[in-house]
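> Sharing a structure here in structure tokens format.
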Amino acid sequence: MIRLDQVSKQYSPGRATGLFILQDISLAFAENRFTCLLGPSGCGKTTLLNLIAGFIAPTSGRVLFQDVPVDKPGPDRGVIFQDATLFPWMTVLDNVRFGLCQQGLSHEQCTAVAQEYLDLVGMLPHTAAWPVSLSGGMRQRVAIARILALQPKVMLMDEPFSALDANSRERLQDELLRICEIRPVTVVYITHNVEEAVFLAERVIVMGPAPDTIHADIHLPSKRPRLRTSREFTETTALLRAELDTLPCCIASSSRGVHGL
Ligand SMILES: Nc1ncnc2c1ncn2[C@@H]1O[C@H](COP(=O)(O)OP(=O)(O)O)[C@@H](O)[C@H]1O
Ligand SMILES: [Mg+2]
């Protein structure tokens with residue numbers, strides 16, 4: 001479904017600080033699979049996601065979505081950020097209706113579809129609420145409903161639950177897996193949290209600083225739900241932690257020239 005072909009990304013090419021963040025990456029993401037990109041801060045996870053989303057272009061190489069080069073964002077690739085970016089002047093229902101109305105659905109159809117997806121994320125009782133009155137977890141639920149209602153083929157999620165408290169985070173992880181069972185979608189999910197990656201993913205790609213950006217590519221058993229207390233879970237998290245421990249830390253772009261120390 002998504003393919004990266006020898007992709008490199010350099011911010012500010014030509015400048016002394018313009019070093020490669022990603023270098024010669026070739027990766028493929030299969031349809032309806034859940035992949036986590038795991039790696040320390042600054043290693044280029046968001047950059048990779050932004051390339052797939054079409055927000056930025058590679059310096060060299062190609063990003064293909066269903067065999068067509070990505071050159072701009074599109075509703076087929078929904079993006080969810082760390083902080084839910086809801087329109088504060090719209091109710092929960094109108095936030096979800098907005099994108100649907102842009103697609104030319106009738107008023108009644110927009111309302112019906114928006115309600116269906118708000119129900120899916122457990123927010124139907126809050127359709128009339130304003131974003132400011134919601135908790136962070138509730139706002140993320142609305143953001144997920146808003147994206148899913150547009151029926152994207154891919155959901156690109158950039159540390160979507162990392163600003164939430166541990167309880168809300170685990171509940172939303174459970175919910176996300178349940179939603180993916182009901183509405184299969186290809187997910188690329190960024191996290192720097194090992195437990196989260198093991199709980200959610202069918203495949204975990206461990207990223208490190210360039211030039212060896214893809215440090216490990218691990219396929220996990222796809223049987224779900226995973227038990228956070230099981231031996232398999234503990235062993236897999238230990239394995240991934242060991243992989244992460246072998247990575248040099250990623251340091252600020254202005255001094256990336258000396259990474260690897
Ligand atoms: N627009 C930009 N211009 C210049 N450097 C950037 C830009 N975006 C990110 N970077 C740099 O690229 C590196 C990787 O950033 P990012 O992809 O956000 O990493 P991660 O998501 O893994 O934390 C960082 O060193 C960051 O400072
Ligand atoms: Mg990031």
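Following the order of the structure tokens, chains are lettered A, B, ..., residues in each are numbered from 1, and ligands are numbered from 1.
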Show which residues sit within 10 Å of stretch 128-137 of chain A, as a PyMOL selection string. Count only C-alpha atoms, and ignore same-chain residues fewer than 4 positions away.
chain A and resi 82-95+123-124+141-143+160-161+163-165+167-169+171-172
> Could you name the residues that touch stretch 243-247 of chain A at 9 Å or less, counting only C-alpha atoms, but leaving out those on the same chain fewer than 4 positions away, as a list in words?
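In the requested form, the answer reads Leu38, Gly39, Pro40, Val206, Met207, Gly208, Pro209, His215, Ala216, Ala238, Leu239 and Gly260 of chain A.
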> Let's have the selection written as a compact mmCIF listing (two decimals), in the first residue's frame, with all heavy atoms.

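Written out: result-v5.txt:
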# COMPACT_ATOMS: atom_id res chain seq x y z
N LEU A 38 9.34 3.02 16.13
CA LEU A 38 9.82 3.23 17.49
C LEU A 38 11.24 3.77 17.41
O LEU A 38 12.05 3.27 16.64
CB LEU A 38 9.80 1.88 18.21
CG LEU A 38 10.34 1.81 19.63
CD1 LEU A 38 9.41 2.51 20.60
CD2 LEU A 38 10.48 0.33 20.07
N GLY A 39 11.53 4.79 18.19
CA GLY A 39 12.90 5.29 18.17
C GLY A 39 13.04 6.51 19.05
O GLY A 39 12.05 7.15 19.39
N PRO A 40 14.28 6.83 19.42
CA PRO A 40 14.50 7.99 20.30
C PRO A 40 14.13 9.29 19.60
O PRO A 40 14.08 9.36 18.38
CB PRO A 40 16.01 7.92 20.59
CG PRO A 40 16.60 7.08 19.52
CD PRO A 40 15.53 6.16 19.02
N VAL A 206 12.34 -0.32 14.37
CA VAL A 206 13.14 0.47 15.32
C VAL A 206 14.05 1.39 14.51
O VAL A 206 14.83 0.93 13.67
CB VAL A 206 14.00 -0.45 16.22
CG1 VAL A 206 14.81 0.38 17.21
CG2 VAL A 206 13.12 -1.44 16.97
N MET A 207 13.87 2.69 14.77
CA MET A 207 14.66 3.68 14.02
C MET A 207 15.76 4.26 14.91
O MET A 207 15.60 4.40 16.11
CB MET A 207 13.77 4.82 13.52
CG MET A 207 12.79 4.37 12.45
SD MET A 207 11.68 5.70 11.93
CE MET A 207 12.83 6.88 11.23
N GLY A 208 16.87 4.60 14.26
CA GLY A 208 17.97 5.26 14.95
C GLY A 208 18.46 6.40 14.08
O GLY A 208 17.88 6.67 13.03
N PRO A 209 19.51 7.08 14.48
CA PRO A 209 19.99 8.20 13.68
C PRO A 209 20.58 7.74 12.35
O PRO A 209 21.11 6.63 12.26
CB PRO A 209 21.06 8.83 14.57
CG PRO A 209 21.37 7.85 15.63
CD PRO A 209 20.26 6.88 15.72
N HIS A 215 16.97 0.44 12.10
CA HIS A 215 17.87 -0.34 12.92
C HIS A 215 17.39 -1.79 13.03
O HIS A 215 18.19 -2.72 13.07
CB HIS A 215 17.94 0.32 14.30
CG HIS A 215 18.86 -0.35 15.24
ND1 HIS A 215 20.22 -0.29 15.11
CD2 HIS A 215 18.61 -1.12 16.32
CE1 HIS A 215 20.77 -0.99 16.07
NE2 HIS A 215 19.83 -1.51 16.82
N ALA A 216 16.09 -1.98 13.14
CA ALA A 216 15.52 -3.34 13.22
C ALA A 216 14.10 -3.30 12.68
O ALA A 216 13.43 -2.27 12.74
CB ALA A 216 15.53 -3.82 14.66
N ALA A 238 11.48 -6.47 26.46
CA ALA A 238 12.89 -6.54 26.84
C ALA A 238 13.77 -6.58 25.59
O ALA A 238 14.81 -5.91 25.52
CB ALA A 238 13.13 -7.77 27.72
N LEU A 239 13.33 -7.35 24.61
CA LEU A 239 14.09 -7.47 23.36
C LEU A 239 14.19 -6.11 22.65
O LEU A 239 15.26 -5.69 22.21
CB LEU A 239 13.37 -8.47 22.45
CG LEU A 239 14.02 -8.81 21.14
CD1 LEU A 239 14.14 -10.33 21.04
CD2 LEU A 239 13.21 -8.32 19.95
N GLY A 260 26.73 9.60 16.79
CA GLY A 260 27.43 8.33 16.69
C GLY A 260 28.50 8.24 17.76
O GLY A 260 29.14 7.21 17.91
> Using only C-alpha atoms and all ligand atoms, what table do you get, as JSON lines, when you list each residue of chain A with an atom no more than 6 Å from ligand 1, its nearest pair of atoms, and their distance in Å rounded to one decimal, rows by chain then rising number?

{"residue": "A:Tyr11", "atom": "CA", "partner": "ligand 1", "partner_atom_place_in_ligand_line": "4 (C)", "distance": 4.8}
{"residue": "A:Ile21", "atom": "CA", "partner": "ligand 1", "partner_atom_place_in_ligand_line": "12 (O)", "distance": 5.6}
{"residue": "A:Ser41", "atom": "CA", "partner": "ligand 1", "partner_atom_place_in_ligand_line": "23 (O)", "distance": 3.7}
{"residue": "A:Gly42", "atom": "CA", "partner": "ligand 1", "partner_atom_place_in_ligand_line": "23 (O)", "distance": 3.4}
{"residue": "A:Cys43", "atom": "CA", "partner": "ligand 1", "partner_atom_place_in_ligand_line": "22 (O)", "distance": 4.0}
{"residue": "A:Gly44", "atom": "CA", "partner": "ligand 1", "partner_atom_place_in_ligand_line": "17 (O)", "distance": 3.2}
{"residue": "A:Lys45", "atom": "CA", "partner": "ligand 1", "partner_atom_place_in_ligand_line": "22 (O)", "distance": 3.8}
{"residue": "A:Thr46", "atom": "CA", "partner": "ligand 1", "partner_atom_place_in_ligand_line": "21 (O)", "distance": 3.7}
{"residue": "A:Thr47", "atom": "CA", "partner": "ligand 1", "partner_atom_place_in_ligand_line": "17 (O)", "distance": 3.7}
{"residue": "A:Ala252", "atom": "CA", "partner": "ligand 1", "partner_atom_place_in_ligand_line": "25 (O)", "distance": 4.7}
{"residue": "A:Ser253", "atom": "CA", "partner": "ligand 1", "partner_atom_place_in_ligand_line": "25 (O)", "distance": 3.8}
> From a backbone DSSP assignment, name each residue in stretch 25-242 of chain A labelled strand (DSSP E or B), as a ChimeraX atom specification.
/A:25-29,34-38,60-65,68-69,77-80,154-158,186-191,203-207,214-219
> Those same residues - C-alpha atoms - I'd like them written as a PDB file, in the first residue's frame.

ATOM      1  CA  ILE A  25      15.367   4.103   3.227  1.00  0.00           C
ATOM      2  CA  SER A  26      13.439   1.408   1.417  1.00  0.00           C
ATOM      3  CA  LEU A  27      10.342   0.155   3.227  1.00  0.00           C
ATOM      4  CA  ALA A  28       6.912  -1.214   2.380  1.00  0.00           C
ATOM      5  CA  PHE A  29       3.745  -1.092   4.486  1.00  0.00           C
ATOM      6  CA  PHE A  34      -0.513  -1.991  12.101  1.00  0.00           C
ATOM      7  CA  THR A  35       3.116  -0.826  12.140  1.00  0.00           C
ATOM      8  CA  CYS A  36       4.820   1.126  14.912  1.00  0.00           C
ATOM      9  CA  LEU A  37       7.845   3.294  14.272  1.00  0.00           C
ATOM     10  CA  LEU A  38       9.819   3.232  17.489  1.00  0.00           C
ATOM     11  CA  SER A  60      15.908  11.942  -3.211  1.00  0.00           C
ATOM     12  CA  GLY A  61      14.029   8.695  -3.767  1.00  0.00           C
ATOM     13  CA  ARG A  62      10.281   8.140  -4.050  1.00  0.00           C
ATOM     14  CA  VAL A  63       7.318   7.679  -1.739  1.00  0.00           C
ATOM     15  CA  LEU A  64       4.543   5.690  -3.406  1.00  0.00           C
ATOM     16  CA  PHE A  65       0.979   5.262  -2.229  1.00  0.00           C
ATOM     17  CA  VAL A  68       1.397   6.459  -7.320  1.00  0.00           C
ATOM     18  CA  PRO A  69       4.082   8.953  -6.191  1.00  0.00           C
ATOM     19  CA  ARG A  77      -4.026   9.384   4.326  1.00  0.00           C
ATOM     20  CA  GLY A  78      -5.465  10.720   7.582  1.00  0.00           C
ATOM     21  CA  VAL A  79      -3.026  12.216  10.082  1.00  0.00           C
ATOM     22  CA  ILE A  80      -3.450  12.313  13.861  1.00  0.00           C
ATOM     23  CA  VAL A 154      -4.136   4.898   5.905  1.00  0.00           C
ATOM     24  CA  MET A 155      -3.986   6.434   9.371  1.00  0.00           C
ATOM     25  CA  LEU A 156      -0.706   8.148  10.198  1.00  0.00           C
ATOM     26  CA  MET A 157      -0.512   8.661  13.943  1.00  0.00           C
ATOM     27  CA  ASP A 158       2.298  10.732  15.490  1.00  0.00           C
ATOM     28  CA  THR A 186      -3.424   0.582   7.441  1.00  0.00           C
ATOM     29  CA  VAL A 187      -1.827   2.258  10.455  1.00  0.00           C
ATOM     30  CA  VAL A 188       1.632   3.769  10.772  1.00  0.00           C
ATOM     31  CA  TYR A 189       1.979   4.747  14.426  1.00  0.00           C
ATOM     32  CA  ILE A 190       4.902   6.636  15.928  1.00  0.00           C
ATOM     33  CA  THR A 191       5.904   6.130  19.510  1.00  0.00           C
ATOM     34  CA  ARG A 203       5.309  -4.970  13.156  1.00  0.00           C
ATOM     35  CA  VAL A 204       7.785  -2.702  14.927  1.00  0.00           C
ATOM     36  CA  ILE A 205      10.397  -0.753  13.009  1.00  0.00           C
ATOM     37  CA  VAL A 206      13.142   0.465  15.318  1.00  0.00           C
ATOM     38  CA  MET A 207      14.665   3.681  14.022  1.00  0.00           C
ATOM     39  CA  ILE A 214      16.251   1.452  10.082  1.00  0.00           C
ATOM     40  CA  HIS A 215      17.871  -0.344  12.924  1.00  0.00           C
ATOM     41  CA  ALA A 216      15.525  -3.336  13.217  1.00  0.00           C
ATOM     42  CA  ASP A 217      12.321  -4.514  11.553  1.00  0.00           C
ATOM     43  CA  ILE A 218      10.441  -6.973  13.742  1.00  0.00           C
ATOM     44  CA  HIS A 219       7.205  -8.805  12.961  1.00  0.00           C
TER      45      HIS A 219
END
> From the list A:Leu49, A:Ile56, A:Ala210, A:Ala30, which residue is nearest ligand 2 when using only C-alpha atoms and all ligand atoms?
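Among the listed residues, A:Leu49 lies closest to ligand 2.
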> Name the residues in contact with A:Arg97 at a cut-off of 7 Å, using only C-alpha atoms, excluding same-chain residues fewer than 6 positions from it; report them as a ChimeraX atom specification.
/A:110-111,114
> Export, as an mmCIF file, in the first residue's frame, the selected residues with N, CA and C atoms.

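Written output follows (result_24.cif):
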data_model
loop_
_atom_site.group_PDB
_atom_site.id
_atom_site.type_symbol
_atom_site.label_atom_id
_atom_site.label_comp_id
_atom_site.auth_asym_id
_atom_site.auth_seq_id
_atom_site.Cartn_x
_atom_site.Cartn_y
_atom_site.Cartn_z
ATOM 1 N N CYS A 110 -24.205 13.804 6.340
ATOM 2 C CA CYS A 110 -23.052 14.215 7.171
ATOM 3 C C CYS A 110 -23.344 13.919 8.633
ATOM 4 N N THR A 111 -24.540 14.290 9.084
ATOM 5 C CA THR A 111 -24.891 14.087 10.489
ATOM 6 C C THR A 111 -24.899 12.597 10.815
ATOM 7 N N ALA A 114 -21.314 11.199 10.818
ATOM 8 C CA ALA A 114 -20.575 11.739 11.967
ATOM 9 C C ALA A 114 -21.026 11.043 13.249
#
> With distances taken over only C-alpha atoms, which residue among A:Pro73, A:Gly99, A:Gly104, A:Pro13 lies nearest A:Asn50?
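Of A:Pro73, A:Gly99, A:Gly104, A:Pro13, the one nearest A:Asn50 is A:Pro73, counting only C-alpha atoms.
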> So, counting only C-alpha atoms, which residue among A:Leu118, A:Leu48, A:Ala197, A:Ala149 is closest to A:Arg226?
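Checking each of A:Leu118, A:Leu48, A:Ala197, A:Ala149 against A:Arg226, counting only C-alpha atoms, the winner is A:Ala197.
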> From a DSSP pass on the backbone, collect the residues of stretch 3-183 of chain A flagged as alpha helix (DSSP H) and hand them back as a ChimeraX atom specification.
/A:45-53,92-102,107-120,136-148,166-182
> Would you work out the distance separating atom CA of A:Leu220 from atom CA of A:Arg241, expressed in Å to one decimal?
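Distance between the two atoms: 14.8 Å.
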> Find the residue from A:Glu232, A:Glu175, A:Glu170, A:Asp67 that sits nearest to A:Val121; use only C-alpha atoms when measuring.
A:Glu175
> Quick check, in Å to one decimal: how far apart do atom CA of A:Gly122 and atom CA of A:Leu150 lie?
17.5 Å
> Pick the closest to ligand 2 from A:Val194, A:Lys153, A:Cys101, A:Phe81: which is it, counting only C-alpha atoms and all ligand atoms?
A:Phe81
